[in-house]
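Source file: input_3.tsv; contents: TSV, C-alpha atoms and all ligand atoms.
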chain	number	residue	atom	x	y	z
A	1	MET	CA	102.45	96.01	-28.70
A	2	THR	CA	101.48	97.84	-25.48
A	3	GLY	CA	97.88	96.64	-25.82
A	4	ASP	CA	99.08	93.04	-26.11
A	5	PHE	CA	100.37	93.27	-22.55
A	6	ALA	CA	97.01	94.36	-21.08
A	7	PRO	CA	96.08	90.88	-19.69
A	8	LEU	CA	99.51	90.72	-18.03
A	9	VAL	CA	99.04	94.15	-16.46
A	10	ASP	CA	95.65	92.93	-15.18
A	11	VAL	CA	96.96	89.78	-13.52
A	12	LEU	CA	99.91	91.65	-12.02
A	13	GLY	CA	97.40	94.11	-10.61
A	14	ARG	CA	95.75	91.19	-8.79
A	15	TYR	CA	99.13	90.28	-7.27
A	16	GLN	CA	99.63	93.86	-6.19
A	17	ASP	CA	96.12	94.19	-4.73
A	18	THR	CA	96.61	91.07	-2.61
A	19	GLY	CA	100.11	92.04	-1.50
A	20	GLN	CA	101.79	89.19	-3.38
A	21	ILE	CA	104.93	89.18	-5.51
A	22	ALA	CA	104.95	87.53	-8.93
A	23	THR	CA	108.39	85.91	-9.01
A	24	LEU	CA	109.72	85.24	-12.51
A	25	TRP	CA	112.82	83.62	-13.88
A	26	TRP	CA	114.38	83.33	-17.34
A	27	ARG	CA	115.99	80.22	-18.86
A	28	ASP	CA	117.48	80.26	-22.36
A	29	ASP	CA	118.30	76.86	-23.89
A	30	ASP	CA	120.83	75.37	-26.32
A	31	ALA	CA	123.73	77.75	-25.75
A	32	ALA	CA	127.01	76.43	-27.21
A	33	ALA	CA	129.09	79.15	-28.83
A	34	PRO	CA	129.32	82.93	-29.12
A	35	SER	CA	127.04	84.34	-31.85
A	36	PRO	CA	125.28	87.57	-32.76
A	37	ALA	CA	122.03	85.99	-31.48
A	38	LEU	CA	123.68	85.30	-28.11
A	39	ASP	CA	125.00	88.88	-28.02
A	40	CYS	CA	121.43	90.15	-28.53
A	41	LEU	CA	120.22	87.97	-25.68
A	42	LEU	CA	122.97	89.09	-23.30
A	43	ALA	CA	122.32	92.72	-24.27
A	44	LEU	CA	118.62	92.32	-23.40
A	45	SER	CA	119.47	90.85	-20.00
A	46	ALA	CA	121.99	93.62	-19.31
A	47	ARG	CA	119.80	96.49	-20.56
A	48	HIS	CA	116.93	95.51	-18.28
A	49	ASP	CA	119.11	94.20	-15.47
A	50	VAL	CA	117.22	90.89	-15.51
A	51	PRO	CA	119.17	87.76	-14.52
A	52	LEU	CA	119.49	85.02	-17.12
A	53	ALA	CA	120.12	81.28	-16.79
A	54	LEU	CA	121.79	79.82	-19.87
A	55	ALA	CA	121.24	76.08	-20.37
A	56	VAL	CA	124.48	75.00	-22.04
A	57	VAL	CA	125.03	71.69	-23.88
A	58	PRO	CA	128.35	70.39	-22.46
A	59	VAL	CA	129.60	68.54	-25.55
A	60	LYS	CA	128.82	71.47	-27.82
A	61	ALA	CA	130.13	74.19	-25.48
A	62	GLU	CA	133.04	76.06	-27.03
A	63	ASP	CA	135.82	77.76	-25.07
A	64	GLY	CA	134.71	81.07	-26.56
A	65	LEU	CA	131.39	80.86	-24.74
A	66	GLY	CA	133.15	81.24	-21.39
A	67	LYS	CA	134.86	84.36	-22.70
A	68	ALA	CA	131.60	85.76	-24.12
A	69	LEU	CA	130.05	85.51	-20.65
A	70	GLU	CA	132.90	87.24	-18.82
A	71	SER	CA	131.31	90.65	-19.21
A	72	ALA	CA	127.85	89.36	-18.18
A	73	PRO	CA	127.95	88.87	-14.40
A	74	ALA	CA	124.18	88.28	-14.10
A	75	VAL	CA	124.30	85.15	-16.25
A	76	ALA	CA	124.34	81.68	-14.67
A	77	VAL	CA	125.02	78.41	-16.49
A	78	LEU	CA	122.85	75.30	-16.15
A	79	GLN	CA	123.60	71.88	-17.64
A	80	HIS	CA	121.51	71.08	-20.71
A	81	GLY	CA	121.91	67.30	-20.85
A	82	TYR	CA	125.11	66.07	-22.42
A	83	ALA	CA	125.14	66.20	-26.24
A	84	HIS	CA	121.47	67.10	-26.98
A	85	GLN	CA	121.28	63.86	-28.91
A	86	ASN	CA	117.95	62.20	-29.57
A	87	TYR	CA	117.66	58.45	-28.79
A	88	ALA	CA	113.91	58.06	-29.32
A	89	ALA	CA	112.66	55.86	-32.15
A	90	THR	CA	111.24	57.57	-35.22
A	91	GLY	CA	107.81	58.95	-34.47
A	92	GLU	CA	108.38	59.01	-30.69
A	93	LYS	CA	108.95	62.17	-28.67
A	94	LYS	CA	112.58	63.24	-28.68
A	95	ILE	CA	114.63	62.40	-25.60
A	96	GLU	CA	118.30	62.20	-24.64
A	97	LEU	CA	118.00	61.15	-20.99
A	98	GLY	CA	115.51	58.36	-21.57
A	99	PRO	CA	115.03	54.61	-21.10
A	100	GLN	CA	116.69	53.72	-24.42
A	101	ARG	CA	120.17	53.38	-22.88
A	102	PRO	CA	121.53	51.85	-19.65
A	103	ALA	CA	121.50	54.15	-16.62
A	104	GLN	CA	125.29	53.79	-16.15
A	105	VAL	CA	125.94	55.20	-19.61
A	106	ILE	CA	123.74	58.24	-19.01
A	107	VAL	CA	125.16	58.80	-15.52
A	108	GLY	CA	128.68	58.71	-16.93
A	109	GLU	CA	127.76	61.27	-19.58
A	110	LEU	CA	126.09	63.60	-17.09
A	111	ALA	CA	129.13	63.50	-14.79
A	112	THR	CA	131.51	64.20	-17.68
A	113	GLY	CA	129.28	67.02	-18.86
A	114	SER	CA	129.14	68.59	-15.44
A	115	LEU	CA	132.95	68.59	-15.19
A	116	ARG	CA	133.19	70.20	-18.61
A	117	LEU	CA	130.89	73.07	-17.58
A	118	GLU	CA	132.76	73.55	-14.33
A	119	ALA	CA	136.05	73.77	-16.24
A	120	LEU	CA	134.62	76.28	-18.72
A	121	PHE	CA	132.51	78.45	-16.46
A	122	GLY	CA	133.77	77.96	-12.89
A	123	ARG	CA	131.44	79.21	-10.15
A	124	ARG	CA	128.95	80.40	-12.75
A	125	ALA	CA	128.08	76.75	-13.53
A	126	LEU	CA	125.31	75.66	-11.15
A	127	PRO	CA	124.42	72.04	-10.26
A	128	VAL	CA	121.10	72.25	-12.09
A	129	LEU	CA	120.04	69.83	-14.83
A	130	VAL	CA	117.86	70.93	-17.75
A	131	PRO	CA	117.05	67.74	-19.70
A	132	PRO	CA	117.00	68.27	-23.49
A	133	TRP	CA	113.41	68.45	-24.78
A	134	ASN	CA	112.52	68.80	-21.07
A	135	ARG	CA	112.22	65.01	-20.78
A	136	LEU	CA	113.85	62.74	-18.20
A	137	ALA	CA	113.31	59.03	-17.49
A	138	PRO	CA	111.89	58.73	-13.94
A	139	PHE	CA	114.49	56.10	-12.96
A	140	LEU	CA	117.20	58.77	-13.27
A	141	LEU	CA	115.63	61.08	-10.66
A	142	PRO	CA	117.05	59.40	-7.53
A	143	VAL	CA	120.52	59.35	-9.08
A	144	LEU	CA	120.68	63.12	-9.66
A	145	PRO	CA	121.46	64.19	-6.04
A	146	GLU	CA	124.14	61.48	-5.86
A	147	LEU	CA	125.73	63.06	-8.93
A	148	GLY	CA	125.74	66.42	-7.16
A	149	TYR	CA	122.71	68.05	-8.78
A	150	ARG	CA	120.59	70.27	-6.53
A	151	GLY	CA	118.15	71.52	-9.14
A	152	LEU	CA	116.05	70.20	-12.02
A	153	SER	CA	114.15	72.22	-14.62
A	154	GLN	CA	111.64	70.88	-17.12
A	155	PHE	CA	108.45	72.36	-18.60
A	156	GLY	CA	104.95	72.87	-17.19
A	157	PRO	CA	103.67	73.32	-13.61
A	158	ARG	CA	105.70	71.10	-11.28
A	159	ALA	CA	104.01	68.27	-9.38
A	160	ARG	CA	106.39	68.48	-6.42
A	161	VAL	CA	108.87	71.03	-5.09
A	162	THR	CA	111.31	68.24	-4.19
A	163	PRO	CA	110.78	65.19	-6.43
A	164	VAL	CA	113.59	63.42	-4.55
A	165	GLN	CA	115.50	64.54	-1.46
A	166	GLN	CA	117.97	67.38	-1.98
A	167	LEU	CA	116.68	68.20	-5.46
A	168	ARG	CA	114.54	71.27	-6.07
A	169	GLN	CA	112.44	71.36	-9.23
A	170	VAL	CA	111.58	74.68	-10.85
A	171	ASN	CA	110.22	74.48	-14.39
A	172	CYS	CA	109.50	76.89	-17.22
A	173	HIS	CA	105.94	77.63	-18.27
A	174	VAL	CA	106.12	79.94	-21.25
A	175	ASP	CA	107.57	78.88	-24.62
A	176	PRO	CA	107.17	81.70	-27.14
A	177	ILE	CA	108.46	79.67	-30.12
A	178	ASP	CA	106.14	77.99	-32.62
A	179	TRP	CA	108.13	74.78	-33.12
A	180	ARG	CA	105.57	73.15	-35.40
A	181	ALA	CA	105.48	76.05	-37.83
A	182	GLY	CA	109.25	76.36	-38.21
A	183	THR	CA	110.61	78.15	-35.11
A	184	GLY	CA	108.93	81.54	-35.57
A	185	PHE	CA	107.53	83.64	-32.71
A	186	ILE	CA	104.03	82.54	-31.59
A	187	GLY	CA	103.05	86.20	-31.37
A	188	PRO	CA	102.54	88.53	-28.41
A	189	GLN	CA	98.94	87.51	-27.65
A	190	LYS	CA	99.72	83.81	-27.24
A	191	ALA	CA	102.94	84.46	-25.35
A	192	VAL	CA	101.21	86.84	-22.93
A	193	ALA	CA	98.33	84.35	-22.55
A	194	ALA	CA	100.76	81.59	-21.49
A	195	LEU	CA	102.40	83.88	-18.98
A	196	VAL	CA	99.06	85.05	-17.60
A	197	ALA	CA	97.76	81.45	-17.39
A	198	HIS	CA	100.61	80.41	-15.09
A	199	LEU	CA	100.46	83.58	-13.00
A	200	ALA	CA	96.70	83.09	-12.53
A	201	LEU	CA	97.19	79.40	-11.69
A	202	ARG	CA	99.59	80.40	-8.90
A	203	LEU	CA	97.06	82.80	-7.44
A	204	GLN	CA	94.52	79.96	-7.29
A	205	ALA	CA	96.90	77.24	-6.14
A	206	GLY	CA	98.09	79.09	-3.02
A	207	ASP	CA	101.12	77.71	-1.18
A	208	GLY	CA	101.22	74.27	-2.84
A	209	ALA	CA	103.90	72.97	-5.20
A	210	ALA	CA	102.34	74.68	-8.21
A	211	GLY	CA	101.40	77.88	-6.42
A	212	SER	CA	104.84	78.50	-4.99
A	213	GLU	CA	106.70	77.88	-8.26
A	214	PRO	CA	108.28	80.95	-9.87
A	215	THR	CA	106.98	81.46	-13.40
A	216	GLY	CA	109.63	80.48	-15.93
A	217	LEU	CA	110.17	82.02	-19.34
A	218	MET	CA	111.95	79.61	-21.71
A	219	THR	CA	113.67	81.09	-24.73
A	220	HIS	CA	115.97	79.75	-27.48
A	221	HIS	CA	118.19	82.62	-28.62
A	222	ALA	CA	119.44	80.83	-31.75
A	223	VAL	CA	116.00	81.02	-33.39
A	224	HIS	CA	114.77	84.43	-32.18
A	225	ASP	CA	113.55	86.72	-34.92
A	226	GLU	CA	113.07	90.47	-34.72
A	227	ALA	CA	109.43	90.13	-33.54
A	228	MET	CA	110.53	87.85	-30.71
A	229	ARG	CA	113.30	90.23	-29.65
A	230	ARG	CA	110.88	93.16	-29.65
A	231	PHE	CA	108.47	91.15	-27.52
A	232	LEU	CA	111.17	90.25	-25.00
A	233	ASP	CA	112.30	93.86	-24.85
A	234	GLY	CA	108.72	94.98	-24.14
A	235	LEU	CA	108.10	92.22	-21.59
A	236	LEU	CA	111.31	92.84	-19.66
A	237	SER	CA	110.73	96.57	-19.69
A	238	LEU	CA	107.17	96.26	-18.34
A	239	THR	CA	107.89	93.65	-15.69
A	240	ARG	CA	111.21	95.08	-14.48
A	241	GLY	CA	109.48	98.30	-13.53
A	242	HIS	CA	106.42	96.66	-11.92
A	243	LYS	CA	106.06	96.80	-8.13
A	244	ALA	CA	104.50	93.32	-7.90
A	245	VAL	CA	107.22	91.57	-9.95
A	246	ARG	CA	110.59	90.22	-8.92
A	247	TRP	CA	112.94	88.56	-11.40
A	248	LEU	CA	114.96	85.88	-9.61
A	249	ALA	CA	118.51	84.82	-10.34
A	250	ALA	CA	119.02	81.07	-10.83
A	251	ARG	CA	120.85	80.74	-7.49
A	252	GLU	CA	117.77	82.03	-5.71
A	253	VAL	CA	115.37	79.97	-7.84
A	254	PHE	CA	117.15	76.75	-6.86
A	255	GLY	CA	118.21	77.81	-3.35
A	256	LEU	CA	121.94	77.62	-4.09
B	301	ZN	ZN	117.40	72.12	-25.93

Represent the structure of the file as structure tokens.
Ligand SMILES: [Zn+2]
Amino acid sequence: MTGDFAPLVDVLGRYQDTGQIATLWWRDDDAAAPSPALDCLLALSARHDVPLALAVVPVKAEDGLGKALESAPAVAVLQHGYAHQNYAATGEKKIELGPQRPAQVIVGELATGSLRLEALFGRRALPVLVPPWNRLAPFLLPVLPELGYRGLSQFGPRARVTPVQQLRQVNCHVDPIDWRAGTGFIGPQKAVAALVAHLALRLQAGDGAAGSEPTGLMTHHAVHDEAMRRFLDGLLSLTRGHKAVRWLAAREVFGL
């Protein structure tokens, strides 16, 4: 396992040599209810003292989830769409917040969902939208600040820091799950390669939108197997102790 992290150690060395800090953040999607898998995730965050942003599906969120988070002060809650329902036609890419339904319907759902998270999680719930499947119809973008959102998180290097006024976009860039092969771990080499690719891109991109974007790790606790948990444990341990790394809390990531 240690050898698998060698390319990461190399790229972090380049940050250190040039006096730069590799900022990282951690988003875990599809949270809804307390579970042993969620306990494992929270324990990892606590053990390494690394802040975690849980993307919670409002309609599926159970009261018990609020209670499960009470003893985890470093955990923030983001809004993961509304019901995580797919409206795409068969064969098309899955999307909840897409062009298939009128904007007013989606806006109404998002507002209801945001109130639900506020009621369940209080100040821990941040005005940040994480669209299910990381997809959002462009016509919804200008509406988000009007609904009170200040942050947006999808997947891949962002094109702009502020896609519309008053909305900061910070995406995730590493997805260690092999969704095509049945939700197993992609393995340490591929996961490290994805992390290294984004960190190297930032070094090249300088101060632009892509270069200034913290590198986001996206996990899905409900499908983590033992290999995935071991990898996360190793990754958090290595990075938490590294001089050129800083793990950011969601409030800092989105400037809240
Ligand atoms: Zn999701």

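Neighbours of ligand ZN 301 (chain B) at a cut-off of 6 Å, computed so that only C-alpha atoms and all ligand atoms are counted, are the residues Asp29, Asp30, Pro132 and Trp133 of chain A.
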
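Closest approach to Ala227 in chain A among A:Phe254, A:Phe185, A:Trp247, A:Phe121 is made by A:Phe185 (distances from all atoms listed in the file).
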
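All residues of protein, DNA or RNA that reach within 9 Å of range 17-21 of chain A, judged by only C-alpha atoms and not counting those fewer than 4 positions away in the chain, are A:Leu12, A:Gly13, A:Leu203, A:Lys243, A:Ala244, A:Val245, A:Arg246.
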
Inset, instruction - List the neighbours of Leu167 in chain A out to 9 Å using all atoms listed in the file; skip same-chain residues closer than 6 positions along the sequence, and give me the result as a PyMOL selection string. - result: chain A and resi 128+141+144-145+149-152+161+254

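Our summary of the geometry notes that CA of Asp28 in chain A is positioned 23.5 Å from CA of Ala88 in chain A.
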
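Checking A:Ile95, A:Val105, A:Leu41, A:Cys172 one by one against Ala210 in chain A, counting all atoms listed in the file, you find the shortest gap at A:Cys172.
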
Inset, instruction - Enter the distance from CA of Ser153 in chain A to CA of Leu129 in chain A, in Å, rounded to one decimal. - result: 6.4 Å

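Among the candidate residues A:Ala43, A:Val130, A:Gln104, A:Ala37, the one lying nearest to His80 in chain A is A:Val130, with distances computed using all atoms listed in the file.
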
Inset, instruction - Tell me which of A:Asn171, A:Thr219, A:Thr162, A:Gln154 sits closest to Thr183 in chain A, counting all atoms listed in the file. - result: A:Thr219

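The gap separating CA of Arg124 in chain A from CA of His173 in chain A is 23.8 Å, in Å to one decimal.
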
Inset, instruction - Identify which of the residues A:His48, A:Arg27, A:Arg116, A:His221 lies closest to Leu235 in chain A, counting all atoms listed in the file when measuring atom-to-atom distances. - result: A:His48

Legend entry - Of the listed residues A:Val59, A:Leu136, A:Ala205, A:Val192, that which approaches Ala111 in chain A most closely, counting all atoms listed in the file: A:Val59

Inset, instruction - For Val174 in chain A, please output as a list of chain:residue names all residues within 7 Å (counting all atoms listed in the file; exclusion window: fewer than 2 positions along the same chain). - result: A:Cys172, A:Pro176, A:Ala191, A:Ala194, A:Leu195, A:Gly216, A:Leu217, A:Met218

Using all atoms listed in the file, determine which residues lie at most 10 Å from Gly3 in chain A, disregarding the query and same-chain residues fewer than 5 positions distant; provide the list as a short mmCIF file (atom, residue, chain, number, x, y, z; two decimals) with C-alpha atoms, in the frame of the given file.
data_model
loop_
_atom_site.label_atom_id
_atom_site.label_comp_id
_atom_site.auth_asym_id
_atom_site.auth_seq_id
_atom_site.Cartn_x
_atom_site.Cartn_y
_atom_site.Cartn_z
CA LEU A 8 99.51 90.72 -18.03
CA VAL A 9 99.04 94.15 -16.46
CA PRO A 188 102.54 88.53 -28.41
CA GLN A 189 98.94 87.51 -27.65
#

Inset, instruction - Within 9 Å of Ile186 in chain A, counting only C-alpha atoms, which residues show up once you throw out same-chain ones fewer than 4 positions away? Write them as JSON, numbers by chain, please. - result: {"A": [175, 176, 177, 178, 179, 190, 191, 228]}

Inset, instruction - Kindly provide, as a PyMOL selection string, the polymer residues lying within 7 Å of (116.4, 60.1, -27.7), counting all atoms listed in the file and using the coordinates exactly as they appear in the file. - result: chain A and resi 85-88+94-98
